[in-house]
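Coordinates from start20.cif are shown below (mmCIF, C-alpha atoms).
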data_my_file
loop_
_atom_site.label_atom_id
_atom_site.label_comp_id
_atom_site.auth_asym_id
_atom_site.auth_seq_id
_atom_site.Cartn_x
_atom_site.Cartn_y
_atom_site.Cartn_z
CA MET A 1 14.27 13.89 20.96
CA ASN A 2 14.20 10.62 19.05
CA THR A 3 16.49 10.07 16.06
CA LEU A 4 14.48 8.48 13.26
CA SER A 5 15.83 6.40 10.40
CA ILE A 6 14.25 5.36 7.10
CA VAL A 7 14.55 1.58 6.72
CA ARG A 8 12.50 1.00 3.54
CA LEU A 9 10.78 2.98 0.82
CA ASN A 10 8.07 1.33 -1.28
CA ARG A 11 5.55 2.24 -3.89
CA TYR A 12 2.73 0.13 -5.21
CA PRO A 13 2.23 1.01 -8.89
CA ILE A 14 -0.83 -1.25 -9.18
CA LYS A 15 -3.21 -1.31 -6.24
CA GLY A 16 -3.18 -4.70 -4.53
CA LEU A 17 -0.11 -6.04 -6.35
CA SER A 18 3.58 -6.23 -5.47
CA ALA A 19 5.62 -3.48 -3.88
CA GLU A 20 8.36 -1.75 -5.83
CA PRO A 21 11.26 -1.07 -3.43
CA MET A 22 12.97 2.29 -3.90
CA HIS A 23 16.29 3.59 -2.63
CA THR A 24 15.33 7.24 -3.05
CA VAL A 25 12.16 9.16 -3.81
CA THR A 26 11.58 12.84 -4.52
CA LEU A 27 8.42 14.28 -3.01
CA ARG A 28 6.46 17.44 -3.75
CA ALA A 29 4.28 19.31 -1.27
CA GLY A 30 0.69 18.10 -1.27
CA GLU A 31 1.40 15.13 -3.54
CA GLY A 32 1.78 11.42 -2.87
CA ILE A 33 4.59 9.02 -3.74
CA PRO A 34 5.23 9.42 -7.51
CA GLY A 35 3.74 6.46 -9.35
CA ASP A 36 2.03 5.03 -6.27
CA ARG A 37 -1.35 3.34 -6.78
CA LEU A 38 -2.06 5.10 -10.07
CA PHE A 39 -3.31 1.85 -11.60
CA GLY A 40 -5.67 -0.88 -10.47
CA PHE A 41 -7.68 -3.89 -11.51
CA ALA A 42 -11.28 -2.77 -11.01
CA ARG A 43 -13.67 -5.64 -10.36
CA TYR A 44 -16.70 -6.49 -12.46
CA ASN A 45 -19.34 -3.77 -11.99
CA SER A 46 -16.98 -1.62 -9.90
CA GLY A 47 -18.56 1.57 -11.22
CA PHE A 48 -15.19 3.19 -11.95
CA ASP A 49 -15.31 5.71 -14.80
CA ALA A 50 -11.87 6.73 -16.10
CA GLN A 51 -13.40 9.84 -17.72
CA ASN A 52 -14.91 10.95 -14.42
CA PRO A 53 -12.87 9.22 -11.70
CA GLN A 54 -14.46 9.09 -8.28
CA PRO A 55 -13.02 7.45 -5.17
CA LEU A 56 -14.42 3.97 -4.58
CA PRO A 57 -14.21 1.55 -1.64
CA LYS A 58 -11.20 -0.76 -1.77
CA ASP A 59 -13.37 -3.85 -2.26
CA ARG A 60 -14.30 -2.61 -5.74
CA PHE A 61 -10.76 -3.61 -6.77
CA VAL A 62 -8.77 -6.83 -6.80
CA VAL A 63 -7.00 -6.52 -3.43
CA LEU A 64 -5.76 -8.65 -0.55
CA LEU A 65 -8.80 -7.71 1.51
CA ASN A 66 -10.79 -10.34 -0.40
CA GLU A 67 -8.16 -12.26 -2.39
CA ALA A 68 -5.42 -13.68 -0.15
CA ALA A 69 -3.96 -15.55 -3.15
CA LEU A 70 -2.70 -12.20 -4.51
CA ALA A 71 0.17 -12.40 -2.01
CA GLY A 72 1.50 -15.40 -3.93
CA VAL A 73 1.54 -13.54 -7.26
CA LYS A 74 4.73 -11.54 -7.75
CA THR A 75 4.52 -8.66 -10.20
CA ASN A 76 6.69 -5.95 -11.65
CA PHE A 77 5.20 -2.94 -13.41
CA ASP A 78 7.04 -0.19 -15.27
CA THR A 79 4.93 2.94 -14.97
CA GLU A 80 6.64 4.53 -17.98
CA THR A 81 6.38 1.71 -20.52
CA GLN A 82 3.38 0.10 -18.78
CA PHE A 83 4.89 -3.35 -19.19
CA LEU A 84 3.58 -5.75 -16.57
CA GLU A 85 5.39 -8.92 -15.55
CA ILE A 86 3.52 -11.56 -13.56
CA LYS A 87 5.72 -14.26 -12.06
CA VAL A 88 4.07 -17.56 -11.22
CA SER A 89 5.69 -20.93 -10.50
CA GLY A 90 9.08 -19.76 -11.73
CA LYS A 91 7.72 -18.47 -15.04
CA THR A 92 7.40 -14.81 -16.07
CA HIS A 93 4.43 -13.73 -18.17
CA SER A 94 4.72 -10.28 -19.80
CA PHE A 95 1.95 -7.93 -20.92
CA ASN A 96 1.99 -4.54 -22.62
CA MET A 97 -0.74 -2.79 -20.66
CA GLN A 98 -0.99 -0.01 -23.25
CA ALA A 99 -2.42 -2.57 -25.68
CA PRO A 100 -6.15 -3.36 -25.19
CA GLU A 101 -5.65 -7.05 -26.01
CA ASP A 102 -2.86 -7.43 -23.45
CA ARG A 103 -4.91 -5.65 -20.79
CA VAL A 104 -7.67 -8.20 -21.30
CA ASN A 105 -5.18 -11.09 -21.34
CA ALA A 106 -3.46 -9.90 -18.17
CA ALA A 107 -6.77 -9.53 -16.37
CA SER A 108 -7.86 -13.02 -17.42
CA PHE A 109 -4.51 -14.51 -16.44
CA LEU A 110 -4.57 -12.84 -13.03
CA SER A 111 -8.18 -13.93 -12.44
CA SER A 112 -7.26 -17.50 -13.21
CA GLU A 113 -4.21 -17.50 -10.95
CA ILE A 114 -6.11 -16.24 -7.90
CA ASP A 115 -9.33 -18.10 -8.77
CA LEU A 116 -11.37 -14.91 -8.85
CA LYS A 117 -15.07 -15.79 -8.59
CA ASP A 118 -16.48 -12.70 -10.33
CA PRO A 119 -18.73 -13.19 -13.41
CA GLU A 120 -16.16 -11.39 -15.57
CA PRO A 121 -12.43 -10.60 -15.33
CA PRO A 122 -11.51 -7.19 -13.87
CA ASN A 123 -10.64 -4.12 -15.94
CA PHE A 124 -7.18 -2.56 -15.81
CA VAL A 125 -7.86 1.10 -15.06
CA SER A 126 -6.07 4.40 -14.44
CA SER A 127 -6.91 8.07 -14.52
CA ALA A 128 -3.88 10.01 -13.29
CA PRO A 129 -3.59 12.01 -11.10
CA HIS A 130 -6.39 9.99 -9.47
CA ARG A 131 -4.91 7.52 -6.98
CA PHE A 132 -6.43 4.27 -5.77
CA THR A 133 -5.39 4.69 -2.14
CA ASP A 134 -7.54 3.07 0.55
CA VAL A 135 -8.38 6.47 2.04
CA SER A 136 -9.12 8.19 -1.26
CA VAL A 137 -12.80 8.05 -0.28
CA VAL A 138 -12.12 10.42 2.64
CA SER A 139 -10.87 13.50 0.77
CA PRO A 140 -8.57 14.66 -2.06
CA LYS A 141 -5.89 15.36 0.57
CA MET A 142 -6.11 11.80 1.86
CA MET A 143 -5.98 10.45 -1.69
CA ASN A 144 -2.42 11.81 -1.78
CA ALA A 145 -1.55 10.74 1.75
CA ILE A 146 1.54 8.59 2.27
CA SER A 147 1.53 5.65 4.67
CA VAL A 148 4.26 5.48 7.32
CA LEU A 149 4.94 2.41 9.45
CA ASN A 150 6.87 2.45 12.73
CA LEU A 151 8.77 -0.85 12.73
CA THR A 152 9.17 -0.70 16.50
CA SER A 153 5.39 -0.91 16.81
CA VAL A 154 5.31 -3.97 14.56
CA GLU A 155 8.04 -5.63 16.62
CA LYS A 156 6.21 -4.85 19.87
CA LEU A 157 2.98 -6.28 18.51
CA GLY A 158 4.86 -9.43 17.52
CA GLU A 159 6.25 -9.75 21.05
CA GLN A 160 2.79 -9.37 22.53
CA LEU A 161 1.38 -12.02 20.20
CA ASN A 162 4.45 -14.28 20.38
CA ALA A 163 4.53 -14.27 16.59
CA GLU A 164 6.80 -12.95 13.87
CA ILE A 165 4.94 -10.24 11.98
CA HIS A 166 6.36 -9.22 8.61
CA PRO A 167 6.09 -5.44 8.00
CA ALA A 168 5.02 -6.21 4.42
CA ARG A 169 1.58 -7.11 5.77
CA PHE A 170 0.94 -3.38 6.19
CA ARG A 171 2.00 -2.31 2.67
CA ALA A 172 3.48 1.00 3.84
CA ASN A 173 5.26 3.53 1.66
CA ILE A 174 7.81 4.53 4.30
CA GLU A 175 9.06 2.22 7.05
CA ILE A 176 10.94 3.92 9.87
CA GLU A 177 12.55 3.07 13.18
CA GLY A 178 13.57 5.20 16.14
CA LEU A 179 10.15 6.02 17.61
CA PRO A 180 8.91 4.31 20.80
CA PRO A 181 6.31 1.61 20.09
CA PHE A 182 2.91 3.02 19.12
CA SER A 183 3.94 6.60 19.98
CA GLU A 184 3.14 7.63 16.39
CA LEU A 185 -0.55 6.91 17.03
CA ASP A 186 -0.69 9.78 19.51
CA ALA A 187 1.33 12.17 17.34
CA VAL A 188 -1.35 13.35 14.90
CA GLY A 189 -0.46 16.93 13.95
CA SER A 190 3.25 16.41 14.56
CA VAL A 191 5.85 16.56 11.80
CA LEU A 192 8.46 14.00 10.79
CA ARG A 193 11.45 15.83 9.28
CA PHE A 194 14.09 14.16 7.15
CA GLY A 195 16.50 16.74 5.73
CA ASP A 196 14.41 19.20 3.72
CA VAL A 197 11.34 16.95 3.76
CA GLU A 198 8.59 17.57 6.29
CA LEU A 199 5.80 15.02 6.66
CA LYS A 200 2.80 16.09 8.73
CA ILE A 201 0.91 13.28 10.43
CA LEU A 202 -2.75 13.47 9.36
CA SER A 203 -4.32 10.42 10.93
CA ARG A 204 -3.86 6.94 12.31
CA THR A 205 -4.19 4.03 9.90
CA LYS A 206 -7.08 1.71 10.68
CA ARG A 207 -6.29 -1.82 9.56
CA CYS A 208 -8.46 -4.25 7.60
CA ALA A 209 -8.47 -7.96 6.84
CA ALA A 210 -5.74 -7.53 4.21
CA THR A 211 -3.21 -7.61 7.07
CA GLU A 212 -4.35 -11.11 8.02
CA VAL A 213 -2.52 -12.45 4.95
CA ASN A 214 1.00 -13.77 5.42
CA PRO A 215 3.07 -12.24 2.56
CA ASP A 216 5.26 -15.35 2.41
CA THR A 217 2.59 -18.07 2.40
CA ALA A 218 -0.41 -16.16 0.96
CA GLU A 219 -2.55 -17.60 3.74
CA ARG A 220 -4.63 -15.86 6.38
CA ASP A 221 -2.81 -16.87 9.56
CA LEU A 222 -3.21 -13.94 12.00
CA LYS A 223 -6.35 -11.91 12.60
CA ILE A 224 -4.32 -8.71 12.93
CA PRO A 225 -7.17 -6.15 13.27
CA TYR A 226 -8.97 -8.32 15.84
CA LEU A 227 -5.77 -8.94 17.80
CA ILE A 228 -4.76 -5.26 17.85
CA ARG A 229 -8.24 -4.34 19.07
CA LYS A 230 -8.12 -7.05 21.72
CA LEU A 231 -4.77 -5.78 23.00
CA MET A 232 -5.22 -2.03 22.62
CA GLY A 233 -8.87 -1.25 22.05
CA HIS A 234 -8.41 -0.03 18.45
CA MET A 235 -7.37 -1.44 15.08
CA ASP A 236 -4.65 1.08 14.19
CA MET A 237 -1.10 0.45 13.00
CA GLY A 238 0.92 3.20 11.33
CA VAL A 239 -0.09 6.68 10.24
CA TYR A 240 -0.93 8.66 7.13
CA VAL A 241 1.13 11.77 6.41
CA GLU A 242 1.01 14.60 3.92
CA VAL A 243 4.07 16.18 2.33
CA ALA A 244 4.18 19.61 3.96
CA LYS A 245 7.59 20.40 2.47
CA GLY A 246 9.10 18.55 -0.48
CA GLY A 247 12.53 17.14 -1.14
CA THR A 248 14.29 13.80 -1.50
CA LEU A 249 14.13 10.86 0.89
CA SER A 250 16.66 8.01 0.92
CA VAL A 251 16.91 4.67 2.67
CA GLY A 252 19.18 5.10 5.70
CA GLN A 253 18.42 8.81 6.02
CA THR A 254 17.95 10.06 9.57
CA GLY A 255 15.38 12.51 10.85
CA GLU A 256 13.51 13.84 13.85
CA THR A 257 10.03 14.48 15.18
CA LEU A 258 8.77 18.03 15.50
CA ASN A 259 5.83 18.74 17.81
#
Using structure tokens, write down the structure that the file contains.
Amino acid sequence: MNTLSIVRLNRYPIKGLSAEPMHTVTLRAGEGIPGDRLFGFARYNSGFDAQNPQPLPKDRFVVLLNEAALAGVKTNFDTETQFLEIKVSGKTHSFNMQAPEDRVNAASFLSSEIDLKDPEPPNFVSSAPHRFTDVSVVSPKMMNAISVLNLTSVEKLGEQLNAEIHPARFRANIEIEGLPPFSELDAVGSVLRFGDVELKILSRTKRCAATEVNPDTAERDLKIPYLIRKLMGHMDMGVYVEVAKGGTLSVGQTGETLN
């Protein structure tokens, strides 16, 4: 039996923007990470209706898939006060996203910084409990799925490619170590248990062009999906899990795999 350990916990309050590191997080059965991807910048003509929210493809939003420059924009968002800070070139620009004028100003500022080519700036949208997860289009269960990354797999991929691969490329909620490389991909249906928390593995995570972007340089420098497929015949890295049993997770906490 492998002893697992939680190395990092992250949530992404605004889809496509900076991670918010967490030391602890309390989970409830059937729900996602609290505050994760509840907000987004929907692109011009995205079709998103806050009064009748429907899952949309990720490219309807301002995300790394299409806008590598986003990796160079550092943000901080308080989900309670809805104050957004955008840090660029050593300066911090603050916006109250509860105010219509500031929402427009923030969208325009962000568009300018990443040189967004759309005819109009995006719209800042939310419709809790609707989440803007990449797999929200699959099912309501997957909308609340949590992404788990096995750091040993990332390290092994880096060895095979003779390159240093930053885990941040994969924008996972939970980063763990202790599993053999890529073993998680064949563990669909198994459970990861950390104390009271039980996380059931639902599916493998197919990777897209967003992972090509270096989080430090904001440049596309590794064709990650292509390279994974070339090496292993698929484009998967990490897994999606559902909270089968709730409780609190903490960085450094140990756990085990249940078959």
Do you have, as a tab-separated table, the list of residues of segment 128-236 of chain A lying at most 6 Å from segment 240-255 of chain A, each with its nearest atom pair and that distance in Å to one decimal, counting all atoms listed in the file and ordered by chain then number?
residue	atom	partner	partner_atom	distance
A:Ala145	CA	A:Glu242	CA	5.1
A:Ile146	CA	A:Val241	CA	5.2
A:Ser147	CA	A:Tyr240	CA	4.6
A:Arg193	CA	A:Gly255	CA	5.4
A:Phe194	CA	A:Gly255	CA	4.3
A:Asp196	CA	A:Gly247	CA	5.6
A:Val197	CA	A:Gly247	CA	5.0
A:Glu198	CA	A:Lys245	CA	4.9
A:Leu199	CA	A:Val243	CA	4.8
A:Lys200	CA	A:Val241	CA	5.2
A:Ile201	CA	A:Val241	CA	4.3
A:Leu202	CA	A:Val241	CA	5.2
A:Ser203	CA	A:Tyr240	CA	5.4
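Ranking A:Phe77, A:Ala128, A:Val104, A:Arg169 by their shortest atom-to-atom distance to Thr217 of chain A, with all atoms listed in the file included, puts A:Arg169 first.
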**Message:** What would the selection look like, as number ranges by chain, if the PyMOL selection byres ((chain A and resi 74) around 7) were run on the coordinates I just shared?
**Reply:** A: 18, 72-73, 75, 86-88
Quick one: residues within 12 Å of Ser112 of chain A, all atoms listed in the file counted, chain neighbours fewer than 2 positions away excluded, as a PDB file with C-alpha atoms, in the coordinates of the input?
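That gives us selection02.pdb:
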ATOM      1  CA  ALA A  69      -3.960 -15.550  -3.150  1.00  0.00           C
ATOM      2  CA  LEU A  70      -2.700 -12.200  -4.510  1.00  0.00           C
ATOM      3  CA  VAL A  73       1.540 -13.540  -7.260  1.00  0.00           C
ATOM      4  CA  VAL A  88       4.070 -17.560 -11.220  1.00  0.00           C
ATOM      5  CA  ASN A 105      -5.180 -11.090 -21.340  1.00  0.00           C
ATOM      6  CA  ALA A 106      -3.460  -9.900 -18.170  1.00  0.00           C
ATOM      7  CA  ALA A 107      -6.770  -9.530 -16.370  1.00  0.00           C
ATOM      8  CA  SER A 108      -7.860 -13.020 -17.420  1.00  0.00           C
ATOM      9  CA  PHE A 109      -4.510 -14.510 -16.440  1.00  0.00           C
ATOM     10  CA  LEU A 110      -4.570 -12.840 -13.030  1.00  0.00           C
ATOM     11  CA  ILE A 114      -6.110 -16.240  -7.900  1.00  0.00           C
ATOM     12  CA  ASP A 115      -9.330 -18.100  -8.770  1.00  0.00           C
ATOM     13  CA  LEU A 116     -11.370 -14.910  -8.850  1.00  0.00           C
ATOM     14  CA  LYS A 117     -15.070 -15.790  -8.590  1.00  0.00           C
ATOM     15  CA  ASP A 118     -16.480 -12.700 -10.330  1.00  0.00           C
ATOM     16  CA  GLU A 120     -16.160 -11.390 -15.570  1.00  0.00           C
ATOM     17  CA  PRO A 121     -12.430 -10.600 -15.330  1.00  0.00           C
ATOM     18  CA  PRO A 122     -11.510  -7.190 -13.870  1.00  0.00           C
TER      19      PRO A 122
END
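Atom CA of Glu256 of chain A is found 9.1 Å from atom CA of Gly195 of chain A.
For segment 221-232 of chain A, the list of residues within 7 Å, based on all atoms listed in the file and with local chain neighbours fewer than 6 positions off taken out, reads Arg207, Cys208, Ala209, Thr211, Glu212, Val213 and Asn214 of chain A.
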Please, could you write that set of residues out with C-alpha atoms as a short mmCIF file (atom, residue, chain, number, x, y, z; two decimals), keeping the file's coordinate frame?
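Writing done, so here's result.cif:
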data_model
loop_
_atom_site.label_atom_id
_atom_site.label_comp_id
_atom_site.auth_asym_id
_atom_site.auth_seq_id
_atom_site.Cartn_x
_atom_site.Cartn_y
_atom_site.Cartn_z
CA ARG A 207 -6.29 -1.82 9.56
CA CYS A 208 -8.46 -4.25 7.60
CA ALA A 209 -8.47 -7.96 6.84
CA THR A 211 -3.21 -7.61 7.07
CA GLU A 212 -4.35 -11.11 8.02
CA VAL A 213 -2.52 -12.45 4.95
CA ASN A 214 1.00 -13.77 5.42
#
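In this comparison, which uses all atoms listed in the file, the residue of A:Thr81, A:Ser126, A:Asn2, A:Ser136 approaching Leu56 of chain A most closely is A:Ser136.
Distances here use only C-alpha atoms; by that measure, the residue among A:Val125, A:Leu179, A:Asp78, A:Glu219 closest to Gly47 of chain A is A:Val125.
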